[in-house]
Amino acid sequence: MKYSLIRVVHNDKSVELLLNRPEALNALSIPMLKELIAALSGEIQKAKQDILVLKGEGRAFCAGADVEERKRGLSLETYLTERVLTLQEIASFLRNTEKLIIAALHGYVIGGGVVLSLFADFRIATEDTVFRFPEVDVGTTILCGGYKLLVEAVGLSKAKELLLLGHTINAAEAERIGLIHKVVKAKQLENTVITYVNELARKPSLTKRLIKRAIGAAAEDSFDQMLMMEIVDAIKNHKMIMEERER
């Protein structure tokens with residue numbers, strides 16, 4: 001599929017997914033969402049690289065929902081089938097993919113842009129990045145499992161503060177509360193992402209997948225369920241080690 005609102009770049013150790021509507025601060029329009037799910041479920045799913053890097057072109061990572069699109073008016077059917085359900089499909093893919101995800105954040109990370117970044121296993125932001133959930137002020141609600149993702153990242157009390165007050169926070173505050181993992185100078189962002197990619201790429205793919213899956217299940221599964229998962233994962237990992245020795 002030929003994309004016009006996103007770009008997919010295949011590197012040796014990672015595949016990059018870039019939001020490419022810089023004139024609109026990478027706001028998530030319905031056409032962009034359709035390109036995103038097509039790329040994720042097709043080209044990116046099939047990519048041999050086990051690391052996915054999310055980026056945004058221009059002055060922002062992502063300014064959230066396309067406000068102008070909503071101003072033009074959407075029927076309930078169009079809104080539900082083409083926007084809501086497409087977003088939920090994107091969320092399901094990102095939540096369940098075995099690929100490790102790194103989000104390279106800069107400029108504006110607003111609303112749905114914050115939620116998109118929360119699917120990343122590592123979130124790295126430049127010093128000038130700002131974050132905000134404006135939904136409470138514009139009269140809308142969050143999609144993509146954003147409530148759960150935010151509570152997982154910053155805790156219940158801080159999630160309520162961010163969502164109900166809608167205040168803008170800077171990168172330093174975002175790092176302090178756990179919304180992101182690391183703050184770097186703008187000129188260091190690319191090299192920092194490359195450093196993460198190189199370090200992660202050196203680690204066994206199966207082990208990375210098992211650890212990511214287990215961490216994701218830890219908050220929801222019972223202790224006994226975790227014990228059983230750990231047994232199964234230990235067997236899989238041991239088989240991998242033995243097969244490598246026999247080569």
# chains A, B, ... in the order shown; residues from 1 in each chain; ligands from 1
$ residues_around --residues "Leu143 of chain A" --least-positions-apart "5" --cutoff "12 Å" --atoms "only C-alpha atoms" --output "number ranges by chain"
A: 64-65, 80, 83-92, 111-116, 135, 148-150
$ residues_around --residues "segment 6-14 of chain A" --least-positions-apart "3" --cutoff "10 Å" --atoms "only C-alpha atoms" --output "CSV table (one decimal) with N, CA and C atoms, in the first residue's frame"
chain,number,residue,atom,x,y,z
A,2,LYS,N,0.5,2.2,-0.8
A,2,LYS,CA,1.2,3.5,-0.8
A,2,LYS,C,0.7,4.4,0.2
A,3,TYR,N,1.5,5.0,1.1
A,3,TYR,CA,1.1,5.9,2.1
A,3,TYR,C,1.4,7.3,1.8
A,17,LEU,N,7.9,3.9,12.2
A,17,LEU,CA,6.6,4.3,11.8
A,17,LEU,C,6.5,5.8,12.1
A,18,LEU,N,6.4,6.6,11.1
A,18,LEU,CA,6.4,8.1,11.2
A,18,LEU,C,5.1,8.7,10.8
A,19,LEU,N,4.5,9.4,11.7
A,19,LEU,CA,3.3,10.2,11.4
A,19,LEU,C,3.8,11.4,10.5
A,20,ASN,N,3.1,11.5,9.4
A,20,ASN,CA,3.6,12.5,8.4
A,20,ASN,C,2.5,13.5,7.9
A,21,ARG,N,2.0,14.2,8.9
A,21,ARG,CA,1.1,15.3,8.6
A,21,ARG,C,1.7,16.6,9.3
A,26,ASN,N,0.6,16.5,12.9
A,26,ASN,CA,0.3,15.1,12.9
A,26,ASN,C,-1.0,14.7,13.6
A,32,MET,N,-5.5,9.1,8.0
A,32,MET,CA,-4.3,8.7,8.6
A,32,MET,C,-4.5,7.4,9.5
A,33,LEU,N,-5.6,7.4,10.2
A,33,LEU,CA,-5.8,6.2,11.0
A,33,LEU,C,-5.9,4.9,10.1
A,35,GLU,N,-4.4,4.5,7.2
A,35,GLU,CA,-3.1,4.1,6.8
A,35,GLU,C,-2.3,3.5,8.0
A,36,LEU,N,-2.5,3.9,9.2
A,36,LEU,CA,-1.8,3.4,10.3
A,36,LEU,C,-2.2,1.9,10.5
A,39,ALA,N,-0.7,-0.3,7.8
A,39,ALA,CA,0.7,-0.5,7.9
A,39,ALA,C,1.1,-1.4,9.1
A,40,LEU,N,0.4,-1.2,10.2
A,40,LEU,CA,0.7,-2.0,11.4
A,40,LEU,C,0.3,-3.5,11.1
A,43,GLU,N,2.6,-4.5,6.6
A,43,GLU,CA,4.0,-4.4,6.5
A,43,GLU,C,4.8,-4.5,7.8
A,44,ILE,N,4.3,-3.8,8.8
A,44,ILE,CA,5.1,-3.8,10.1
A,44,ILE,C,4.9,-5.1,10.8
A,47,ALA,N,7.4,-7.4,9.2
A,47,ALA,CA,8.8,-7.0,9.2
A,47,ALA,C,9.6,-8.0,10.1
A,48,LYS,N,10.8,-8.3,9.7
A,48,LYS,CA,11.7,-9.2,10.5
A,48,LYS,C,12.2,-8.5,11.7
A,49,GLN,N,12.3,-7.2,11.7
A,49,GLN,CA,12.8,-6.5,12.9
A,49,GLN,C,11.9,-6.6,14.1
A,50,ASP,N,12.4,-6.8,15.3
A,50,ASP,CA,11.5,-7.0,16.4
A,50,ASP,C,11.5,-5.7,17.3
A,51,ILE,N,11.9,-4.6,16.7
A,51,ILE,CA,11.8,-3.3,17.4
A,51,ILE,C,11.1,-2.3,16.5
A,52,LEU,N,10.1,-1.7,17.0
A,52,LEU,CA,9.3,-0.7,16.3
A,52,LEU,C,9.5,0.7,17.0
A,53,VAL,N,9.9,1.7,16.2
A,53,VAL,CA,10.1,3.1,16.7
A,53,VAL,C,9.0,4.0,16.1
A,54,LEU,N,8.3,4.6,17.0
A,54,LEU,CA,7.2,5.6,16.6
A,54,LEU,C,7.8,7.0,16.7
A,55,LYS,N,7.5,7.8,15.6
A,55,LYS,CA,8.0,9.1,15.5
A,55,LYS,C,7.0,10.0,14.8
A,56,GLY,N,7.2,11.3,14.9
A,56,GLY,CA,6.4,12.3,14.2
A,56,GLY,C,7.2,13.3,13.5
A,57,GLU,N,6.8,13.6,12.2
A,57,GLU,CA,7.5,14.5,11.4
A,57,GLU,C,7.2,16.0,11.8
A,99,LYS,N,6.6,-7.0,19.2
A,99,LYS,CA,7.7,-6.1,18.9
A,99,LYS,C,7.9,-5.2,20.1
A,100,LEU,N,9.1,-4.9,20.5
A,100,LEU,CA,9.4,-3.8,21.4
A,100,LEU,C,9.1,-2.5,20.8
A,101,ILE,N,8.5,-1.6,21.5
A,101,ILE,CA,8.1,-0.3,20.9
A,101,ILE,C,8.9,0.8,21.6
A,102,ILE,N,9.5,1.7,20.9
A,102,ILE,CA,10.1,2.9,21.4
A,102,ILE,C,9.4,4.1,20.8
A,194,ILE,N,18.7,5.4,18.9
A,194,ILE,CA,19.6,4.4,18.3
A,194,ILE,C,20.4,3.6,19.3
A,197,VAL,N,17.9,1.1,20.6
A,197,VAL,CA,17.7,0.0,19.6
A,197,VAL,C,18.9,-0.9,19.5
A,198,ASN,N,20.1,-0.4,19.5
A,198,ASN,CA,21.3,-1.3,19.5
A,198,ASN,C,21.4,-2.2,20.7
A,200,LEU,N,18.9,-3.2,22.7
A,200,LEU,CA,17.8,-4.1,22.7
A,200,LEU,C,18.0,-5.2,21.6
A,201,ALA,N,18.6,-4.8,20.5
A,201,ALA,CA,18.8,-5.7,19.4
A,201,ALA,C,19.8,-6.8,19.7
A,202,ARG,N,20.6,-6.6,20.7
A,202,ARG,CA,21.7,-7.6,21.1
A,202,ARG,C,21.1,-8.7,22.0
$ atom_distance --atom1 "atom CA of Val130 of chain A" --atom2 "atom CA of Ile110 of chain A"
7.8 Å
$ closest_residue --among "A:Val67, A:Val109, A:Ala103, A:Ala172" --to "Thr140 of chain A" --atoms "only C-alpha atoms"
A:Val67
$ select_by_dssp --residues "segment 63-176 of chain A" --states "strand (DSSP E or B)" --output "PyMOL selection string"
chain A and resi 65+100-105+108-110+122-126+130-132+169-170
$ write_last_selection --atoms "N, CA and C atoms" --output "tab-separated table (two decimals), in the first residue's frame"
chain	number	residue	atom	x	y	z
A	65	ALA	N	-6.48	14.08	18.21
A	65	ALA	CA	-7.54	13.98	17.20
A	65	ALA	C	-7.54	15.21	16.29
A	100	LEU	N	9.09	-4.87	20.45
A	100	LEU	CA	9.36	-3.85	21.45
A	100	LEU	C	9.15	-2.49	20.79
A	101	ILE	N	8.50	-1.57	21.49
A	101	ILE	CA	8.15	-0.27	20.91
A	101	ILE	C	8.88	0.84	21.64
A	102	ILE	N	9.50	1.71	20.86
A	102	ILE	CA	10.15	2.91	21.39
A	102	ILE	C	9.44	4.11	20.79
A	103	ALA	N	9.02	5.06	21.63
A	103	ALA	CA	8.41	6.30	21.14
A	103	ALA	C	9.41	7.43	21.28
A	104	ALA	N	9.73	8.09	20.16
A	104	ALA	CA	10.61	9.25	20.15
A	104	ALA	C	9.74	10.49	20.11
A	105	LEU	N	9.66	11.23	21.21
A	105	LEU	CA	8.67	12.29	21.38
A	105	LEU	C	9.31	13.67	21.34
A	108	TYR	N	4.73	18.78	20.52
A	108	TYR	CA	3.42	18.60	21.15
A	108	TYR	C	3.04	17.13	21.18
A	109	VAL	N	2.67	16.65	22.36
A	109	VAL	CA	2.13	15.30	22.52
A	109	VAL	C	0.82	15.48	23.27
A	110	ILE	N	-0.27	15.49	22.53
A	110	ILE	CA	-1.56	15.94	23.05
A	110	ILE	C	-2.62	14.84	22.89
A	122	PHE	N	9.28	1.99	25.77
A	122	PHE	CA	10.22	3.04	26.16
A	122	PHE	C	9.78	4.35	25.53
A	123	ARG	N	9.64	5.40	26.35
A	123	ARG	CA	9.23	6.71	25.84
A	123	ARG	C	10.32	7.72	26.15
A	124	ILE	N	10.91	8.27	25.08
A	124	ILE	CA	12.02	9.21	25.20
A	124	ILE	C	11.56	10.54	24.63
A	125	ALA	N	11.73	11.62	25.37
A	125	ALA	CA	11.22	12.92	24.93
A	125	ALA	C	12.30	13.99	25.02
A	126	THR	N	12.21	14.96	24.13
A	126	THR	CA	13.12	16.10	24.19
A	126	THR	C	12.66	17.06	25.28
A	130	VAL	N	5.84	19.03	25.33
A	130	VAL	CA	4.76	19.29	26.27
A	130	VAL	C	3.66	18.25	26.08
A	131	PHE	N	3.01	17.93	27.18
A	131	PHE	CA	1.99	16.89	27.20
A	131	PHE	C	0.69	17.45	27.77
A	132	ARG	N	-0.42	17.02	27.18
A	132	ARG	CA	-1.71	17.48	27.71
A	132	ARG	C	-2.84	16.58	27.25
A	169	ILE	N	1.76	19.78	30.96
A	169	ILE	CA	2.96	19.53	31.75
A	169	ILE	C	4.16	19.42	30.82
A	170	ASN	N	5.34	19.76	31.34
A	170	ASN	CA	6.55	19.70	30.53
A	170	ASN	C	7.21	18.33	30.64
$ select_by_dssp --residues "segment 93-208 of chain A" --states "helix (DSSP H, G or I)" --output "PyMOL selection string"
chain A and resi 93-96+112-118+135-138+146-154+156-165+171-177+186-201+205-208
$ residues_around --residues "Glu127 of chain A" --least-positions-apart "3" --cutoff "6 Å" --atoms "only C-alpha atoms" --output "CSV table (one decimal) with N, CA and C atoms, in the first residue's frame"
chain,number,residue,atom,x,y,z
A,171,ALA,N,8.3,18.2,29.9
A,171,ALA,CA,9.0,16.8,29.9
A,171,ALA,C,9.5,16.4,31.2
A,183,VAL,N,14.4,12.1,29.5
A,183,VAL,CA,14.4,13.4,28.8
A,183,VAL,C,15.8,13.6,28.3
A,184,VAL,N,15.8,14.1,27.0
A,184,VAL,CA,17.1,14.4,26.4
A,184,VAL,C,17.0,15.7,25.7
A,185,LYS,N,18.2,16.3,25.4
A,185,LYS,CA,18.2,17.5,24.5
A,185,LYS,C,17.8,17.1,23.1
$ atom_distance --atom1 "atom CA of Val193 of chain A" --atom2 "atom CA of Cys62 of chain A"
17.9 Å
$ residues_around --residues "Lys158 of chain A" --least-positions-apart "3" --cutoff "12 Å" --atoms "only C-alpha atoms" --output "PyMOL selection string"
chain A and resi 147+150-155+161-167+169+173-174+176-179
$ write_last_selection --atoms "C-alpha atoms" --output "PDB file, in the first residue's frame"
ATOM      1  CA  TYR A 147      -7.577   5.275  30.734  1.00  0.00           C
ATOM      2  CA  LEU A 150      -2.461   6.083  31.799  1.00  0.00           C
ATOM      3  CA  VAL A 151      -3.273   4.543  35.178  1.00  0.00           C
ATOM      4  CA  GLU A 152      -0.664   1.855  34.528  1.00  0.00           C
ATOM      5  CA  ALA A 153       1.925   4.538  33.772  1.00  0.00           C
ATOM      6  CA  VAL A 154       1.297   7.193  36.436  1.00  0.00           C
ATOM      7  CA  GLY A 155      -1.157   5.726  38.953  1.00  0.00           C
ATOM      8  CA  GLU A 161      -5.346  15.025  37.793  1.00  0.00           C
ATOM      9  CA  LEU A 162      -4.144  14.926  34.195  1.00  0.00           C
ATOM     10  CA  LEU A 163      -7.532  13.984  32.745  1.00  0.00           C
ATOM     11  CA  LEU A 164      -9.892  16.093  34.868  1.00  0.00           C
ATOM     12  CA  LEU A 165      -7.851  19.300  35.018  1.00  0.00           C
ATOM     13  CA  GLY A 166      -6.384  19.101  31.523  1.00  0.00           C
ATOM     14  CA  HIS A 167      -3.238  20.991  32.503  1.00  0.00           C
ATOM     15  CA  ILE A 169       2.963  19.526  31.748  1.00  0.00           C
ATOM     16  CA  GLU A 173       7.303  16.680  35.057  1.00  0.00           C
ATOM     17  CA  ALA A 174       6.291  13.899  32.677  1.00  0.00           C
ATOM     18  CA  ARG A 176       8.970  12.620  37.300  1.00  0.00           C
ATOM     19  CA  ILE A 177       5.478  11.072  37.316  1.00  0.00           C
ATOM     20  CA  GLY A 178       6.366   8.145  35.033  1.00  0.00           C
ATOM     21  CA  LEU A 179       4.591   9.307  31.891  1.00  0.00           C
TER      22      LEU A 179
END
